[in-house]
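**Student:** Input file: data24.pdb. Contents: PDB, C-alpha atoms.
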```pdb
ATOM      1  CA  MET A   1       4.724   4.511  24.375
ATOM      2  CA  THR A   2       4.826   2.838  20.996
ATOM      3  CA  PRO A   3       2.646  -0.323  20.981
ATOM      4  CA  PRO A   4       4.172  -3.698  20.100
ATOM      5  CA  GLY A   5       4.626  -4.256  16.385
ATOM      6  CA  TRP A   6       6.921  -4.901  13.434
ATOM      7  CA  HIS A   7       9.205  -1.982  12.497
ATOM      8  CA  PRO A   8      12.118  -1.553  10.063
ATOM      9  CA  ASP A   9      15.145  -3.128  11.740
ATOM     10  CA  PRO A  10      17.315  -0.299  13.149
ATOM     11  CA  GLY A  11      20.318  -2.616  13.104
ATOM     12  CA  HIS A  12      19.983  -3.677   9.468
ATOM     13  CA  SER A  13      23.273  -3.114   7.647
ATOM     14  CA  GLY A  14      21.621  -2.261   4.351
ATOM     15  CA  LYS A  15      23.072  -5.363   2.729
ATOM     16  CA  GLY A  16      20.574  -7.916   1.508
ATOM     17  CA  PRO A  17      16.750  -7.672   1.613
ATOM     18  CA  ALA A  18      15.208  -5.124   3.951
ATOM     19  CA  GLN A  19      13.905  -6.638   7.169
ATOM     20  CA  GLU A  20      11.799  -5.735  10.183
ATOM     21  CA  ARG A  21      12.340  -6.359  13.888
ATOM     22  CA  TRP A  22       9.693  -6.900  16.593
ATOM     23  CA  TRP A  23       9.315  -4.075  19.149
ATOM     24  CA  ASP A  24       7.629  -5.556  22.260
ATOM     25  CA  GLY A  25       6.492  -2.203  23.602
ATOM     26  CA  ALA A  26       9.595  -1.635  25.699
ATOM     27  CA  GLN A  27      12.576  -2.916  23.741
ATOM     28  CA  TRP A  28      13.733  -4.513  20.498
ATOM     29  CA  THR A  29      13.531  -8.334  20.511
ATOM     30  CA  GLY A  30      15.569 -10.885  18.585
ATOM     31  CA  HIS A  31      12.698 -11.657  16.202
ATOM     32  CA  VAL A  32      13.148 -10.439  12.629
ATOM     33  CA  ARG A  33      11.387 -11.037   9.325
ATOM     34  CA  ALA A  34      11.730  -9.953   5.707
ATOM     35  CA  SER A  35       9.993  -6.642   5.052
ATOM     36  CA  PRO A  36       6.714  -7.461   3.263
ATOM     37  CA  GLY A  37       5.527  -5.520   0.229
ATOM     38  CA  ALA A  38       8.575  -3.341  -0.219
ATOM     39  CA  ALA A  39       7.109  -1.820  -3.373
ATOM     40  CA  ARG A  40       8.095   1.798  -3.653
ATOM     41  CA  ARG A  41       6.977   4.778  -5.644
ATOM     42  CA  ARG A  42       7.415   8.490  -5.530
ATOM     43  CA  GLY A  43       5.092  11.174  -6.685
ATOM     44  CA  ILE A  44       1.697   9.589  -6.646
ATOM     45  CA  ARG A  45       1.635   8.540  -3.026
ATOM     46  CA  ILE A  46      -0.997   5.926  -3.195
ATOM     47  CA  GLY A  47      -0.685   3.838  -0.159
ATOM     48  CA  VAL A  48      -0.980   5.839   2.931
ATOM     49  CA  GLY A  49       1.408   8.639   2.587
ATOM     50  CA  VAL A  50       4.152   7.188   0.572
ATOM     51  CA  THR A  51       6.337   8.334  -2.204
ATOM     52  CA  VAL A  52       8.578   5.923  -4.349
ATOM     53  CA  GLY A  53      10.169   7.270  -1.948
ATOM     54  CA  VAL A  54       7.570   5.517  -0.297
ATOM     55  CA  VAL A  55       4.380   3.150  -1.739
ATOM     56  CA  VAL A  56       4.337   2.489   0.820
ATOM     57  CA  LEU A  57       2.559   1.390   2.050
ATOM     58  CA  ALA A  58       3.025   3.168   5.213
ATOM     59  CA  ALA A  59       0.471   1.116   6.975
ATOM     60  CA  ILE A  60       0.522  -1.384   4.207
ATOM     61  CA  GLY A  61       3.754  -3.079   3.558
ATOM     62  CA  GLY A  62       6.536  -1.880   5.769
ATOM     63  CA  GLY A  63      10.222  -1.594   5.196
ATOM     64  CA  VAL A  64      10.046   1.917   3.783
ATOM     65  CA  TYR A  65       9.662   4.090   6.839
ATOM     66  CA  LEU A  66      12.192   6.589   8.081
ATOM     67  CA  LEU A  67      13.058   5.161  11.437
ATOM     68  CA  GLY A  68      14.280   7.340  14.276
ATOM     69  CA  GLU A  69      15.083   6.572  17.876
ATOM     70  CA  ASP A  70      14.791   8.553  21.067
ATOM     71  CA  ARG A  71      17.057   8.190  24.060
ATOM     72  CA  GLY A  72      15.271   5.003  25.011
ATOM     73  CA  GLY A  73      15.946   3.401  21.651
ATOM     74  CA  ARG A  74      12.288   3.011  20.783
ATOM     75  CA  PRO A  75      10.775   3.616  17.319
ATOM     76  CA  ASP A  76      10.036   7.258  16.565
ATOM     77  CA  THR A  77       6.271   7.317  16.173
ATOM     78  CA  ALA A  78       6.408  10.573  14.242
ATOM     79  CA  ALA A  79       8.441   8.904  11.519
ATOM     80  CA  SER A  80       7.237   5.319  11.553
ATOM     81  CA  SER A  81       4.317   3.098  12.366
ATOM     82  CA  PRO A  82       4.170  -0.658  12.879
ATOM     83  CA  SER A  83       3.546  -2.433   9.576
ATOM     84  CA  ASP A  84       1.295  -4.996  11.170
ATOM     85  CA  ALA A  85      -1.511  -7.082   9.785
ATOM     86  CA  PRO A  86      -5.058  -5.938  10.634
ATOM     87  CA  GLU A  87      -4.988  -8.166  13.727
ATOM     88  CA  LEU A  88      -1.605  -7.650  15.328
ATOM     89  CA  PRO A  89      -0.178 -10.870  16.759
ATOM     90  CA  GLY A  90       1.511 -11.037  20.130
ATOM     91  CA  ALA A  91       5.248 -11.394  20.456
ATOM     92  CA  PRO A  92       6.106 -13.594  17.446
ATOM     93  CA  ASP A  93       7.013 -17.209  18.068
ATOM     94  CA  GLY A  94       7.691 -18.134  14.460
ATOM     95  CA  GLY A  95       9.948 -15.294  13.319
ATOM     96  CA  ASP A  96      13.666 -15.598  12.735
ATOM     97  CA  GLU A  97      15.792 -15.124  15.856
ATOM     98  CA  ASP A  98      18.429 -12.669  14.607
ATOM     99  CA  GLY A  99      18.481 -14.660  11.399
ATOM    100  CA  GLU A 100      18.567 -13.674   7.786
ATOM    101  CA  GLY A 101      14.907 -12.738   7.675
ATOM    102  CA  ASN A 102      14.314 -15.186   4.847
ATOM    103  CA  GLY A 103      10.760 -16.031   5.798
ATOM    104  CA  GLU A 104      11.372 -19.614   6.898
ATOM    105  CA  GLY A 105       9.420 -20.809   9.912
ATOM    106  CA  LYS A 106       7.098 -17.801  10.003
ATOM    107  CA  GLY A 107       3.475 -17.866  11.053
ATOM    108  CA  PRO A 108       0.731 -17.028   8.493
ATOM    109  CA  GLU A 109       0.624 -13.347   9.470
ATOM    110  CA  GLN A 110       4.372 -13.022   8.803
ATOM    111  CA  GLN A 111       4.671 -14.889   5.516
ATOM    112  CA  LEU A 112       5.250 -13.280   2.174
ATOM    113  CA  PRO A 113       2.578 -14.470  -0.260
ATOM    114  CA  PRO A 114       3.270 -17.036  -2.942
ATOM    115  CA  THR A 115       3.606 -15.541  -6.391
ATOM    116  CA  GLU A 116       1.052 -16.163  -9.124
ATOM    117  CA  PRO A 117       2.079 -15.381 -12.704
ATOM    118  CA  GLY A 118       0.453 -12.190 -13.910
ATOM    119  CA  PHE A 119      -0.817 -11.098 -10.482
ATOM    120  CA  ALA A 120       0.347  -9.178  -7.412
ATOM    121  CA  THR A 121      -1.063 -10.662  -4.197
ATOM    122  CA  ASP A 122      -2.244  -8.880  -1.065
ATOM    123  CA  LEU A 123      -2.170 -11.752   1.423
ATOM    124  CA  ALA A 124      -3.934  -9.940   4.274
ATOM    125  CA  GLY A 125      -6.674  -8.625   1.991
ATOM    126  CA  GLY A 126      -7.077 -12.014   0.302
ATOM    127  CA  ILE A 127      -6.945 -10.538  -3.213
ATOM    128  CA  SER A 128      -4.754 -10.564  -6.300
ATOM    129  CA  LEU A 129      -4.357  -7.600  -8.656
ATOM    130  CA  PRO A 130      -3.780  -8.296 -12.370
ATOM    131  CA  VAL A 131      -0.463  -6.910 -13.613
ATOM    132  CA  PRO A 132      -0.904  -5.150 -16.989
ATOM    133  CA  LYS A 133       1.725  -5.748 -19.654
ATOM    134  CA  GLY A 134       4.786  -3.607 -19.021
ATOM    135  CA  TRP A 135       3.869  -2.864 -15.388
ATOM    136  CA  LYS A 136       5.691  -3.948 -12.239
ATOM    137  CA  GLY A 137       3.723  -5.923  -9.680
ATOM    138  CA  THR A 138       4.708  -6.325  -6.019
ATOM    139  CA  SER A 139       3.086  -8.794  -3.618
ATOM    140  CA  GLY A 140       3.090  -8.339   0.147
ATOM    141  CA  ALA A 141       1.932  -9.915   3.379
ATOM    142  CA  VAL A 142      -0.112  -6.760   3.926
ATOM    143  CA  GLY A 143      -0.727  -4.903   0.672
ATOM    144  CA  ALA A 144       0.093  -5.256  -3.028
ATOM    145  CA  GLY A 145       1.116  -2.740  -5.668
ATOM    146  CA  LEU A 146       1.306  -2.082  -9.401
ATOM    147  CA  THR A 147       3.440   0.695 -10.945
ATOM    148  CA  THR A 148       4.534   1.905 -14.364
ATOM    149  CA  GLY A 149       6.339   4.800 -16.041
ATOM    150  CA  GLU A 150       9.105   5.961 -13.713
ATOM    151  CA  HIS A 151      10.263   9.553 -14.280
ATOM    152  CA  ALA A 152      11.701  12.523 -12.397
ATOM    153  CA  CYS A 153       9.090  14.209 -10.199
ATOM    154  CA  PRO A 154       8.090  17.631 -11.591
ATOM    155  CA  GLY A 155       8.337  19.392  -8.233
ATOM    156  CA  ASP A 156      11.486  17.620  -7.043
ATOM    157  CA  THR A 157      13.623  16.152  -9.823
ATOM    158  CA  ALA A 158      15.816  14.365  -7.300
ATOM    159  CA  GLU A 159      12.864  12.088  -6.582
ATOM    160  CA  THR A 160      11.353   9.425  -8.838
ATOM    161  CA  CYS A 161       7.660   9.450  -9.688
ATOM    162  CA  VAL A 162       5.568   7.010 -11.677
ATOM    163  CA  ARG A 163       2.942   7.643 -14.331
ATOM    164  CA  GLY A 164       0.494   5.200 -12.810
ATOM    165  CA  GLY A 165       0.092   3.222  -9.616
ATOM    166  CA  VAL A 166      -2.474   0.960  -7.975
ATOM    167  CA  PHE A 167      -2.116  -0.201  -4.373
ATOM    168  CA  SER A 168      -4.252  -2.321  -2.059
ATOM    169  CA  ALA A 169      -4.474  -2.995   1.671
ATOM    170  CA  PRO A 170      -7.108  -3.882   4.263
ATOM    171  CA  ALA A 171      -8.925  -0.772   5.487
ATOM    172  CA  ALA A 172      -7.842  -1.581   9.055
ATOM    173  CA  ALA A 173      -4.181  -1.541   8.038
ATOM    174  CA  MET A 174      -4.712   1.897   6.537
ATOM    175  CA  LYS A 175      -6.448   3.033   9.711
ATOM    176  CA  LEU A 176      -9.600   3.746   7.705
ATOM    177  CA  THR A 177     -12.757   3.183   9.739
ATOM    178  CA  ALA A 178     -16.152   3.029   8.056
ATOM    179  CA  GLY A 179     -19.270   0.885   8.219
ATOM    180  CA  THR A 180     -19.820   0.437   4.471
ATOM    181  CA  PRO A 181     -17.751   0.435   1.268
ATOM    182  CA  GLU A 182     -19.511   3.637   0.158
ATOM    183  CA  GLU A 183     -18.705   5.449   3.386
ATOM    184  CA  ALA A 184     -15.093   4.246   3.264
ATOM    185  CA  ALA A 185     -14.533   5.217  -0.390
ATOM    186  CA  LYS A 186     -15.984   8.703   0.090
ATOM    187  CA  LYS A 187     -13.885   9.146   3.203
ATOM    188  CA  ASP A 188     -10.673   7.904   1.597
ATOM    189  CA  ILE A 189     -10.732   9.820  -1.688
ATOM    190  CA  THR A 190      -9.723  13.142  -0.112
ATOM    191  CA  VAL A 191      -6.797  11.538   1.714
ATOM    192  CA  ASN A 192      -5.817   9.643  -1.422
ATOM    193  CA  ALA A 193      -5.840  12.796  -3.574
ATOM    194  CA  THR A 194      -3.823  14.780  -1.049
ATOM    195  CA  GLU A 195      -1.222  12.075  -0.556
ATOM    196  CA  SER A 196      -1.028  11.330  -4.285
ATOM    197  CA  TYR A 197      -0.773  14.834  -5.729
ATOM    198  CA  GLY A 198      -0.732  17.283  -2.841
ATOM    199  CA  GLY A 199       2.909  17.011  -1.770
ATOM    200  CA  LYS A 200       6.117  18.650  -2.934
ATOM    201  CA  SER A 201       6.375  16.320  -5.929
ATOM    202  CA  TYR A 202       3.375  17.975  -7.609
ATOM    203  CA  GLY A 203       2.606  20.945  -5.419
ATOM    204  CA  LYS A 204      -0.797  21.551  -3.908
ATOM    205  CA  ILE A 205      -4.082  20.535  -5.526
ATOM    206  CA  THR A 206      -5.773  23.691  -6.800
ATOM    207  CA  SER A 207      -9.114  22.083  -7.701
ATOM    208  CA  HIS A 208     -10.817  18.771  -8.373
ATOM    209  CA  GLU A 209     -13.761  17.356 -10.301
ATOM    210  CA  GLU A 210     -15.672  14.222  -9.309
ATOM    211  CA  LEU A 211     -15.891  11.891 -12.304
ATOM    212  CA  LYS A 212     -17.429   8.843 -10.678
ATOM    213  CA  SER A 213     -19.167   7.862  -7.445
ATOM    214  CA  GLU A 214     -21.047   4.603  -7.744
ATOM    215  CA  ALA A 215     -21.562   1.041  -6.601
ATOM    216  CA  VAL A 216     -19.412  -1.622  -8.251
ATOM    217  CA  THR A 217     -18.937  -5.387  -7.968
ATOM    218  CA  VAL A 218     -15.349  -6.493  -7.324
ATOM    219  CA  ALA A 219     -14.162 -10.067  -6.754
ATOM    220  CA  GLY A 220     -17.779 -11.101  -6.240
ATOM    221  CA  GLY A 221     -18.426  -8.482  -3.549
ATOM    222  CA  LYS A 222     -20.520  -5.320  -3.589
ATOM    223  CA  GLY A 223     -18.194  -2.371  -3.308
ATOM    224  CA  TYR A 224     -18.050   1.331  -4.072
ATOM    225  CA  VAL A 225     -15.729   3.524  -6.125
ATOM    226  CA  VAL A 226     -15.021   7.266  -6.186
ATOM    227  CA  ARG A 227     -12.855   8.831  -8.904
ATOM    228  CA  TRP A 228     -11.581  12.435  -9.091
ATOM    229  CA  LYS A 229      -9.697  14.472 -11.642
ATOM    230  CA  VAL A 230      -7.293  16.770  -9.795
ATOM    231  CA  VAL A 231      -5.519  19.905 -10.982
ATOM    232  CA  THR A 232      -2.035  20.333  -9.510
ATOM    233  CA  GLU A 233       0.189  23.349  -8.977
ATOM    234  CA  LYS A 234       3.243  21.729 -10.612
ATOM    235  CA  GLY A 235       3.585  19.237 -13.431
ATOM    236  CA  ASP A 236       0.833  16.974 -14.705
ATOM    237  CA  ASP A 237      -2.691  16.861 -13.391
ATOM    238  CA  GLY A 238      -3.998  13.426 -12.468
ATOM    239  CA  TYR A 239      -6.787  10.984 -11.826
ATOM    240  CA  VAL A 240      -7.189   9.459  -8.371
ATOM    241  CA  GLU A 241      -9.538   6.688  -7.372
ATOM    242  CA  SER A 242     -10.526   5.018  -4.092
ATOM    243  CA  LEU A 243     -12.167   1.616  -4.454
ATOM    244  CA  VAL A 244     -13.491  -0.256  -1.409
ATOM    245  CA  PHE A 245     -15.086  -3.715  -1.269
ATOM    246  CA  PRO A 246     -15.434  -6.692   1.096
ATOM    247  CA  SER A 247     -12.513  -9.096   1.187
ATOM    248  CA  PRO A 248     -13.268 -12.400  -0.592
ATOM    249  CA  VAL A 249     -11.922 -14.229   2.469
ATOM    250  CA  SER A 250     -13.744 -12.244   5.147
ATOM    251  CA  LYS A 251     -16.937 -10.294   4.515
ATOM    252  CA  ASN A 252     -16.287  -8.341   7.710
ATOM    253  CA  MET A 253     -13.020  -6.980   6.287
ATOM    254  CA  LEU A 254     -12.993  -4.076   3.848
ATOM    255  CA  VAL A 255     -10.201  -3.847   1.288
ATOM    256  CA  VAL A 256      -9.091  -0.476  -0.108
ATOM    257  CA  VAL A 257      -7.530  -0.096  -3.555
ATOM    258  CA  ARG A 258      -6.016   3.342  -4.175
ATOM    259  CA  SER A 259      -5.112   4.349  -7.730
ATOM    260  CA  GLY A 260      -3.478   7.349  -9.348
ATOM    261  CA  PHE A 261      -2.710   8.061 -13.010
ATOM    262  CA  ASP A 262      -0.960  11.133 -14.407
ATOM    263  CA  ILE A 263      -2.735  12.954 -17.222
ATOM    264  CA  ASN A 264       0.036  12.706 -19.772
ATOM    265  CA  LYS A 265       0.581  11.128 -23.179
ATOM    266  CA  ASP A 266       3.051   8.718 -21.579
ATOM    267  CA  ALA A 267       0.661   7.720 -18.791
ATOM    268  CA  PRO A 268      -1.673   4.720 -19.016
ATOM    269  CA  LYS A 269      -5.231   5.332 -20.179
ATOM    270  CA  LEU A 270      -8.108   5.216 -17.716
ATOM    271  CA  SER A 271      -9.385   2.132 -19.531
ATOM    272  CA  VAL A 272      -6.385   0.276 -18.042
ATOM    273  CA  LEU A 273      -7.579   1.189 -14.552
ATOM    274  CA  ASP A 274     -11.026  -0.209 -15.358
ATOM    275  CA  GLU A 275      -9.415  -3.407 -16.656
ATOM    276  CA  ILE A 276      -7.413  -3.771 -13.442
ATOM    277  CA  THR A 277     -10.570  -3.320 -11.362
ATOM    278  CA  GLY A 278     -12.390  -5.921 -13.432
ATOM    279  CA  GLY A 279      -9.515  -8.370 -13.034
ATOM    280  CA  ILE A 280      -9.206  -8.236  -9.233
ATOM    281  CA  LYS A 281      -9.894 -11.696  -7.817
ATOM    282  CA  ALA A 282      -9.651 -13.779  -4.676
ATOM    283  CA  ALA A 283      -6.024 -14.700  -4.038
ATOM    284  CA  SER A 284      -4.883 -18.225  -4.820
ATOM    285  CA  VAL A 285      -2.477 -20.001  -2.506
ATOM    286  CA  GLY A 286      -0.473 -22.830  -3.980
ATOM    287  CA  GLU A 287      -1.424 -24.973  -6.925
ATOM    288  CA  GLY A 288      -5.169 -25.254  -7.225
ATOM    289  CA  GLY A 289      -5.618 -23.051  -4.177
ATOM    290  CA  THR A 290      -8.396 -20.566  -3.596
ATOM    291  CA  GLY A 291      -8.737 -17.297  -1.794
ATOM    292  CA  ASP A 292     -10.501 -19.068   1.057
ATOM    293  CA  GLU A 293      -7.156 -20.634   1.955
ATOM    294  CA  VAL A 294      -5.471 -17.287   2.614
TER     295      VAL A 294
END
```
Please render this file's structure as structure tokens.
**Tutor:**
Amino acid sequence: MTPPGWHPDPGHSGKGPAQERWWDGAQWTGHVRASPGAARRRGIRIGVGVTVGVVVLAAIGGGVYLLGEDRGGRPDTAASSPSDAPELPGAPDGGDEDGEGNGEGKGPEQQLPPTEPGFATDLAGGISLPVPKGWKGTSGAVGAGLTTGEHACPGDTAETCVRGGVFSAPAAAMKLTAGTPEEAAKKDITVNATESYGGKSYGKITSHEELKSEAVTVAGGKGYVVRWKVVTEKGDDGYVESLVFPSPVSKNMLVVVRSGFDINKDAPKLSVLDEITGGIKAASVGEGGTGDEV
């Protein structure tokens, strides 16, 4: 049986913001909330198996799954997963009761993060990603994303890809288990590469070259980064990177930042990725707030 969790609302009409409904393990409840982190991207699937068709943020942000139902009306686990925070709450007592899903009266784990000019905030991870000029930034209760350069996917022109994307989420939300940032980054890079450039949008990855595998300091924490150059079967080749570091708000929580850049004259330079990494900081909440308040 599918465990309790937030899933895309099967009764949503499609009008207005996407929302999620609480599945209590046996049936749909009356509790709904706005879908957090509905950033989307196709092509480079950086965020747990997502294409702007999906950033997903499959386990990151929610609201972008393909939801199916069996005869019992429960979520189809083959097509969707609960978009819960790393520590899944019990049946929600602060969510909207068949309301508009506007976020009012929600508990901390259900709230969309406050916006900060120039940054995209990952509330669960306790970090903010700097938004480069000309990029789109999306904040989420679980996960944040940056994208730029939308274009038709080379392997499927009906889909939309992006030239560059950077997405974050707690390792637990991405179902990535590891004891250290180094172990997590080395474990994640293969999944990241496959989900970013190994699907129908770019064809399979024919080869890869490791460009970087080293310790790095991010948001005051000691992390680790692995970067590959991948050669694809269709369209542009690309750079993929998995960066893992302790959350500024909880040293016991690892945060994963997946990145992918096309190798193309219209794609951002790798120096932009380094600037984004250097600009990651603890999230601020409210005026004068600090990441410790997340």
**Student:** Could you check how far atom CA of Ala120 of chain A sits from atom CA of Ser139 of chain A, in Å to one decimal?
**Tutor:**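 These two atoms are separated by 4.7 Å.
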**Student:** Looking at A:Met253, A:Leu146, A:Val272, A:Ala267, which one is nearest to Pro170 of chain A, with distances taken over only C-alpha atoms?
**Tutor:** A:Met253
**Student:** May I ask which of the residues A:Asp188, A:Glu241, A:Glu116, A:Asp262 is the closest one to Lys175 of chain A, counting all atoms listed in the file?
**Tutor:**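 Of all the options, A:Asp188 lies closest to Lys175 of chain A.
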**Student:** Taking the file as shown, find all residues satisfying the PyMOL selection byres ((chain A and resi 220) around 10) and write them as a list in words.
**Tutor:** Val216, Thr217, Val218, Ala219, Gly221, Lys222, Gly223, Phe245, Pro246, Ser247, Pro248, Ile280, Lys281 and Ala282 of chain A
**Student:** Name every residue that the PyMOL selection byres ((chain A and resi 182) around 10) selects in this structure, writing the answer as a PyMOL selection string with chains first and numbers rising.
**Tutor:** chain A and resi 178-181+183-188+213-216+222-226+243-245
**Student:** Go through the shown structure with the PyMOL selection byres ((chain A and resi 200) around 10) and write out the matching residues as an MDAnalysis selection string.
**Tutor:** chainID A and resid 43 153:156 197:199 201:204 233:234
**Student:** Here is a test: counting all atoms listed in the file, which residue of A:Leu273, A:Ala152, A:Val166, A:Ile189 is nearest to Gly137 of chain A?
**Tutor:**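 Nearest candidate to Gly137 of chain A out of A:Leu273, A:Ala152, A:Val166, A:Ile189: A:Val166.
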**Student:** State, in Å with one decimal place, the distance from atom CA of Thr160 of chain A to atom CA of Val142 of chain A.
**Tutor:** 23.6 Å
**Student:** What is the atom CA of Pro8 of chain A-atom CA of Arg33 of chain A distance in Å, reported with one decimal?
**Tutor:**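 Between these atoms lies a distance of 9.5 Å.
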**Student:** Could you check which of A:Ile205, A:Ala193, A:Ser284, A:Asn264 is closest to Ser242 of chain A, using all atoms listed in the file?
**Tutor:**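 Smallest separation from Ser242 of chain A among the options: A:Ala193.
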**Student:** Calculated over only C-alpha atoms, which of the candidates A:Arg21, A:His7, A:Arg227, A:Arg258 has the smallest distance to Ala169 of chain A?
**Tutor:**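 Of A:Arg21, A:His7, A:Arg227, A:Arg258, the one nearest Ala169 of chain A is A:Arg258, counting only C-alpha atoms.
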**Student:** For each of A:Glu159, A:Trp135, A:Gly149, A:Val255, take the minimum atom-to-atom distance to Leu176 of chain A, counting only C-alpha atoms, then give the residue where this is smallest.
**Tutor:** A:Val255
**Student:** Taking (-2.9, -5.5, -7.1) in the coordinates of the supplied file, I want to know which residues reach to within 10 Å of it, counting only C-alpha atoms; could you give the answer as number ranges by chain?
**Tutor:** A: 119-122, 127-131, 137-140, 143-147, 165-169, 257-258, 276-277, 279-281
